[in-house]
Amino acid sequence: MSEIVFEIKNLVKRFNNFTAVDNVSATIRRGEVVFIVGPSGSGKSTFLRCLNLLETPTSGEILFKGKEVVHAKRDINFFRQQVGMVFQHFNLFPHLSILKNITLAPVKTGRFTTKQAVERADALLDRIGLSAKRDAFPPQLSGGQKQRIAIARALAMNPDVLLFDEPTSALDPEMVGEVLALMKDLAQDGMTMVVVTHEIGFAAEVANRIIFMDHGKIIETGTPEKVIRNSANPRVREFFSKVL
Amino acid sequence: MKFLFSFIGAVLMLMFCGCEENSRPKLVMVTEATFPPYEYRAGTQIVGIDPEIVGKIAEKLGYDLVIEDMSFDSVITAVQTGKADIAASGITVTDERREKVLFTLPYVIARQVIIVPENSAIQGKKDLKGKRIGVQHGTTGDIFVSQNIQEPERFSNGALAVAALAAGKLDVVVLDGDPARIHVSRRSNLKILNEPLTHEEYAFALGKHNPELHAQFNAALKELQTAGTLDAVRDKYVSKMLEEAGGNASADAGPFGKLKNSIDLNFLKDARYLYLWKGFWTTVEISFFAVLLGVLIGFGIAVIRSTADQTGKLKILNFLCKIYLTVIRGTPVVVQLLIIYFVIFGAVDVSKVLVAVIAFGINSGAYVAEIIRSGIMSIDRGQLEAGRSLGLSYWQSMREIILPQAFKNVLPALGNEFIVLLKETSISGYIAIVDLTKGGDIIRSQTYDAFLPLMAVALIYLAVVMLLSGLLGRLEKRLKRNE
Ligand SMILES: Nc1ncnc2c1ncn2[C@@H]1O[C@H](COP(=O)(O)OP(=O)(O)OP(=O)(O)O)[C@@H](O)[C@H]1O
Ligand SMILES: [Mg+2]
């Protein structure tokens with residue numbers, strides 16, 4: 001089996017008195033494509049955001065490549081450089097050109113020189129077929145293009161793992177395809193990915209493993225085949241009978 | 001940011017070191033040079049009865065005389081706090097003032113006279129009650145009328161009060177006898193009543209901490225008096241003023257000729273346009289550096305405040321910032337300027353322009369801070385999260401992602417604040433800076449004409465503001481091009 005990227009132990013995240021993530025443990029290995037699904041409000045996004053500490057866990061441990069990260073505040077920026085994140089609303093930097101969006105972090109964090117960063121950005125733009133937009137600004141792009149640029153921006157840091165929080169749910173239907181195609185491409189390339197989504201069909205096609213969350217807990221985990229079609233859990237079966 | 005700090009530091013240093021060195025000790029005299037014939041400006045010089053007498057005494061005592069122009073209501077404070085050695089501004093001896101300063105022997109016995117329109121029914125003191133009475137703010141006339149008759153209407157100088165009387169906005173003006181004679185000689189429709197309102201003694205004022213200088217001054221004054229010098233000086237200036245006044249009044253011409261004469265008198269004669277020109281640059285200098293300082297303070301405070309709001313850190317700093325914002329936004333800028341000049345820099349000899357830059361910068365900083373903070377708050381949280389998720393630190397995300405966008409969003413509001421600041425610097429005259437507004441005041445005090453100098457000052461401000469608005473509009477458009 002491949003190296004463990006994330007090891008999560010007894011993770012709890014409370015907002016005031018509300019427990020959004022309730023004692024979750026999980027392991028993510030290099031090259032795995034893990035999809036997190038479940039009803040709305042079940043804590044999927046909160047769990048995902050805990051993984052790169054955009055939310056600070058209330059208790060529990062997160063080990064990244066074997067090292068505890070929750071309490072290692074000093075290394076938080078370095079840790080995040082190795083964990084990319086793609087947001088539902090893209091969150092591109094509207095005041096910077098596409099090229100600058102992609103090269104800002106690699107250069108400012110010192111991960112790459114400017115020359116290296118630009119070369120990498122051009123290669124990524126070429127790969128996602130948006131070289132023509134190199135000097136455009138985010139407001140001039142369509143939603144699908146924005147999300148592909150956001151993925152390229154995350155990839156530019158050469159991360160060990162990419163986190164996606166509903167990357168297609170803010171898109172018009174005709175643009176969902178291009179983003180999913182890029183994600184599938186990445187998955188086939190061996191990128192380690194953790195994806196929160198409502199696109200069950202896509203999950204069934206691409207995922208190595210599916211984690212099903214309900215009320216802040218993981219109530220089932222396994223292959224798509226097992227979780228989506230053959231679950232023993234009535235909550236899970238009910239959920240998929242509604243969305244499929 | 002670092003660069004900006006050191007740049008401003010260097011500029012401030014330069015302004016500090018503006019003071020020159022001299023072999024003989026300096027004697028600093030303060031006056032409001034809008035009170036002819038006692039003190040007024042001729043070209044770049046401040047001249048008149050007071051400067052001449054004090055100059056003679058300084059010469060006798062071996063000092064180099066330095067004259068500073070400031071508003072009359074500040075001259076007593078200036079000697080009291082040690083900012084100046086002597087106040088010589090046609091100051092009347094009163095018990096109240098005696099508590100604050102040491103007065104020399106009187107060098108003039110002056111009358112406060114009543115000026116009325118030619119056809120006025122007012123005969124004397126007994127008719128004044130209930131009338132609209134104009135005075136020069138802070139003068140004996142002001143005090144006498146306030147205490148013995150009623151609240152007067154206070155003008156910042158005598159020329160304005162007389163102009164208001166001539167325009168029918170007042171029934172009577174109470175003014176010192178000598179300047180009153182000159183004002184009236186220039187206007188055909190005004191007269192001075194024979195019976196003066198009150199007599200008074202003019203004396204120079206020194207700080208209470210300075211009894212030796214006071215004694216030396218009195219001795220020198222006595223000598224000048226016995227030699228007849230005091231009377232000679234006074235006669236010289238009064239007759240000079242009367243002559244000039246006569247000359248102007250005789251200029252007879254049609255409407256265009258009148259306008260031309262008026263322009264000649266207000267702007268060309270004695271190169272008076274220089275007051276506006278130099279004042280304009282002083283206004284620009286103060287505004288420019290105050291804006292820089294304000295933006296610096298504003299950015300700093302906005303970042304501290306929004307960091308505290310978003311992360312719960314920097315609690316103490318945030319608290320201090322809140323106090324600063326409350327105090328600065330809760331008090332008038334004039335009061336802040338006077339406090340910074342007289343209290344904070346009371347005992348230090350610093351350039352007044354620097355004081356103004358600091359005062360207006362600190363004042364503007366509070367407004368800029370809130371403008372920029374609102375800009376930061378208007379940026380979607382996702383922007384900071386995206387930056388942090390890429391491994392940028394909080395400060396890097398602020399600097400590279402949040403602040404540039406916030407700045408762009410609030411540019412119109414910032415531009416507006418700069419325009420407000422530019423106009424606010426017009427109170428610099430309170431600490432005797434000759435800015436554009438004060439330049440206009442000086443011309444008015446010399447020509448007794450309110451209209452043209454005020455119009456010129458207004459037009460210059462307007463032109464600068466329009467230019468600024470235009471530039472800001474273009475900058476905004478350029479920043480918007482990317483959207
Ligand atoms: N910052 C917050 N403060 C308070 N409550 C929060 C906060 N963020 C999330 N929650 C709550 O935590 C619960 C889980 O939210 P989360 O966004 O993780 O759900 P989700 O599974 O991603 O739902 P969806 O599918 O709708 O995105 C919700 O009830 C939500 O209201
Ligand atoms: Mg969610």
# chains A, B, ... in the order shown; residues from 1 in each chain; ligands from 1

$ interface_residues --of "chain A" --to "chain B" --cutoff "6 Å" --atoms "only C-alpha atoms" --output "PDB file with N, CA and C atoms, in the first residue's frame"
ATOM      1  N   ASN A  77       1.887  27.675   7.455  1.00  0.00           N
ATOM      2  CA  ASN A  77       1.976  28.130   6.067  1.00  0.00           C
ATOM      3  C   ASN A  77       2.686  27.103   5.199  1.00  0.00           C
ATOM      4  N   ARG A  80       0.330  24.242   4.540  1.00  0.00           N
ATOM      5  CA  ARG A  80      -0.697  24.544   3.542  1.00  0.00           C
ATOM      6  C   ARG A  80      -0.140  24.598   2.124  1.00  0.00           C
ATOM      7  N   GLN A  81       1.132  24.943   2.005  1.00  0.00           N
ATOM      8  CA  GLN A  81       1.722  24.963   0.664  1.00  0.00           C
ATOM      9  C   GLN A  81       1.658  23.582   0.020  1.00  0.00           C
ATOM     10  N   ASN A  91     -12.865  31.771  -5.969  1.00  0.00           N
ATOM     11  CA  ASN A  91     -12.004  32.678  -5.211  1.00  0.00           C
ATOM     12  C   ASN A  91     -10.725  33.044  -5.945  1.00  0.00           C
ATOM     13  N   PRO A 139     -12.502  38.521 -14.036  1.00  0.00           N
ATOM     14  CA  PRO A 139     -13.879  38.886 -14.397  1.00  0.00           C
ATOM     15  C   PRO A 139     -14.212  38.667 -15.869  1.00  0.00           C
TER      16      PRO A 139
END

$ residues_near_ligand --ligand "ligand 1" --cutoff "6 Å" --atoms "only C-alpha atoms and all ligand atoms" --output "ChimeraX atom specification"
/A:15,20,39-46

$ residues_near_ligand --ligand "ligand 2" --cutoff "12 Å" --atoms "only C-alpha atoms and all ligand atoms" --output "MDAnalysis selection string"
chainID A and resid 20 36:49 87:89 164:170 195:198 213 216

$ residues_around --residues "Asn208 in chain A" --least-positions-apart "2" --cutoff "7 Å" --atoms "only C-alpha atoms" --output "list in words"
Glu32, Val33, Val34, Val206 and Thr223 of chain A

$ write_last_selection --atoms "C-alpha atoms" --output "PDB file, in the first residue's frame"
ATOM      1  CA  GLU A  32      -6.199   7.932  -3.649  1.00  0.00           C
ATOM      2  CA  VAL A  33      -9.254   9.734  -4.960  1.00  0.00           C
ATOM      3  CA  VAL A  34     -11.668  10.004  -2.061  1.00  0.00           C
ATOM      4  CA  VAL A 206     -13.834   8.447 -10.600  1.00  0.00           C
ATOM      5  CA  THR A 223     -15.736   1.522  -2.858  1.00  0.00           C
TER       6      THR A 223
END

$ select_by_dssp --residues "range 12-237 of chain A" --states "strand (DSSP E or B)" --output "ChimeraX atom specification"
/A:12-15,18-29,33-37,59-64,67-68,83-86,161-165,192-196,209-214,217-222

$ closest_residue --among "B:Thr77, B:Gln150, B:Ser89, B:Asn218" --to "Ile46 in chain B" --atoms "only C-alpha atoms"
B:Ser89

$ residues_around --residues "Trp277 in chain B" --least-positions-apart "2" --cutoff "12 Å" --atoms "only C-alpha atoms" --output "MDAnalysis selection string"
chainID B and resid 267 271:275 279:284 434:440 443 456:457 460

$ select_by_dssp --residues "range 107-183 of chain A" --states "helix (DSSP H, G or I)" --output "number ranges by chain"
A: 107-108, 114-127, 131-133, 138-140, 143-155, 173-183

$ closest_residue --among "A:Ala152, A:Ala204, A:Leu92, A:Val161" --to "Val5 in chain A" --atoms "only C-alpha atoms"
A:Val161

$ atom_distance --atom1 "CA of Val357 in chain B" --atom2 "CA of Thr425 in chain B"
9.1 Å

$ residues_around --residues "range 115-122 of chain A" --least-positions-apart "3" --cutoff "9 Å" --atoms "only C-alpha atoms" --output "PyMOL selection string"
chain A and resi 99-100+102-104+106-107+111-112+125-127+131+134+152-153+156-157

$ residues_around --residues "Gly55 in chain B" --least-positions-apart "6" --cutoff "12 Å" --atoms "only C-alpha atoms" --output "ChimeraX atom specification"
/B:26-29,46-49,61-67,86,88,217,220-221,224,233
